[in-house]
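Colleague: Before I ask anything, here is the structure I am working with.
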Amino acid sequence: MPFFSAAETEGHEEAALGYARARAARELYLAQLAKLELDAKRSALVRADEVRLGAFTMARQARALLIALPQRVAAAVATTADPSEVQRILDTEIERICEEITGSG
């Protein structure tokens, strides 16, 4: 004689299955959280607000340097009749700006 009816057994199996799913979801969450903490300790992650501030600062610097470009090269370009020399002047100045923006200049 069984201790539980078929309906009761089915209910216990569903409850056990629900518990197993919940436990698996919890374990996955804890594993993901542990990975985030490990990545943060390894400095693999950077705070989003720090990235935004860095990008904003770099964009402002780029804007200021690009706005100053015509004034910086105007005299040299005005005295040059050779288009390839104008291009060289512009290329040189744009490369300098790029290096300054990235911090390698």
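If you're wondering about the labels, chains in the structure tokens are A, B, ... by order shown, residues count from 1 in each chain, ligands from 1 in order shown.
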Where in chain A does DSSP assign alpha helix (DSSP H), given as a VMD selection string?
Modeller: chain A and resid 6 to 41 48 to 78 83 to 102
Colleague: Keeping only C-alpha atoms, write those residues as a CSV table (one decimal), in the first residue's frame.
Modeller:
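Generated output (part_10.csv):
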```csv
chain,number,residue,atom,x,y,z
A,6,ALA,CA,-0.7,9.4,-7.4
A,7,ALA,CA,-1.9,13.0,-7.2
A,8,GLU,CA,0.2,13.6,-4.0
A,9,THR,CA,3.3,12.0,-5.6
A,10,GLU,CA,2.9,14.2,-8.7
A,11,GLY,CA,2.6,17.3,-6.5
A,12,HIS,CA,5.7,16.4,-4.6
A,13,GLU,CA,7.6,15.9,-7.9
A,14,GLU,CA,6.5,19.3,-9.2
A,15,ALA,CA,7.5,20.9,-5.9
A,16,ALA,CA,10.9,19.1,-6.1
A,17,LEU,CA,11.4,20.2,-9.7
A,18,GLY,CA,10.5,23.8,-8.8
A,19,TYR,CA,13.0,23.7,-6.0
A,20,ALA,CA,15.7,22.3,-8.2
A,21,ARG,CA,15.1,25.1,-10.8
A,22,ALA,CA,15.1,27.8,-8.1
A,23,ARG,CA,18.3,26.4,-6.7
A,24,ALA,CA,19.9,26.2,-10.1
A,25,ALA,CA,19.0,29.8,-10.8
A,26,ARG,CA,20.4,30.9,-7.5
A,27,GLU,CA,23.6,29.0,-8.1
A,28,LEU,CA,23.9,30.7,-11.5
A,29,TYR,CA,23.3,34.1,-10.0
A,30,LEU,CA,26.0,33.5,-7.3
A,31,ALA,CA,28.5,32.3,-9.9
A,32,GLN,CA,27.9,35.4,-12.0
A,33,LEU,CA,28.2,37.6,-9.0
A,34,ALA,CA,31.5,35.9,-8.0
A,35,LYS,CA,32.8,36.4,-11.5
A,36,LEU,CA,31.9,40.1,-11.4
A,37,GLU,CA,33.6,40.5,-8.1
A,38,LEU,CA,36.7,38.7,-9.4
A,39,ASP,CA,36.8,40.8,-12.5
A,40,ALA,CA,36.5,44.0,-10.5
A,41,LYS,CA,39.4,42.8,-8.3
A,48,ALA,CA,30.6,53.2,-16.1
A,49,ASP,CA,30.7,56.8,-14.7
A,50,GLU,CA,34.5,56.8,-14.9
A,51,VAL,CA,34.3,55.8,-18.6
A,52,ARG,CA,31.7,58.4,-19.3
A,53,LEU,CA,33.8,61.1,-17.7
A,54,GLY,CA,36.9,60.0,-19.6
A,55,ALA,CA,35.1,60.0,-22.9
A,56,PHE,CA,33.6,63.4,-22.2
A,57,THR,CA,37.0,64.8,-21.3
A,58,MET,CA,38.6,63.3,-24.4
A,59,ALA,CA,35.8,64.6,-26.6
A,60,ARG,CA,36.2,68.2,-25.2
A,61,GLN,CA,39.9,68.1,-25.7
A,62,ALA,CA,39.4,66.8,-29.3
A,63,ARG,CA,36.9,69.6,-30.0
A,64,ALA,CA,39.2,72.3,-28.7
A,65,LEU,CA,42.2,71.1,-30.7
A,66,LEU,CA,40.1,70.7,-33.9
A,67,ILE,CA,38.6,74.2,-33.5
A,68,ALA,CA,42.1,75.6,-33.1
A,69,LEU,CA,43.4,73.8,-36.2
A,70,PRO,CA,42.6,76.5,-38.9
A,71,GLN,CA,44.3,79.2,-36.9
A,72,ARG,CA,47.4,77.0,-36.3
A,73,VAL,CA,47.9,76.1,-40.0
A,74,ALA,CA,46.4,79.2,-41.8
A,75,ALA,CA,49.7,81.0,-42.2
A,76,ALA,CA,51.6,78.0,-43.5
A,77,VAL,CA,48.8,77.0,-45.8
A,78,ALA,CA,48.3,80.6,-47.1
A,83,PRO,CA,48.3,71.1,-53.0
A,84,SER,CA,50.5,68.2,-51.8
A,85,GLU,CA,52.3,70.6,-49.4
A,86,VAL,CA,49.0,71.7,-48.0
A,87,GLN,CA,48.0,68.1,-47.5
A,88,ARG,CA,51.3,67.4,-45.8
A,89,ILE,CA,50.8,70.4,-43.4
A,90,LEU,CA,47.3,69.2,-42.6
A,91,ASP,CA,48.3,65.6,-42.2
A,92,THR,CA,51.1,66.6,-39.8
A,93,GLU,CA,48.8,68.8,-37.7
A,94,ILE,CA,46.0,66.2,-37.6
A,95,GLU,CA,48.5,63.5,-36.6
A,96,ARG,CA,49.7,65.8,-33.8
A,97,ILE,CA,46.2,66.4,-32.6
A,98,CYS,CA,45.4,62.6,-32.6
A,99,GLU,CA,48.6,61.9,-30.6
A,100,GLU,CA,47.7,64.6,-28.1
A,101,ILE,CA,44.2,63.3,-27.7
A,102,THR,CA,45.4,59.7,-27.0
```
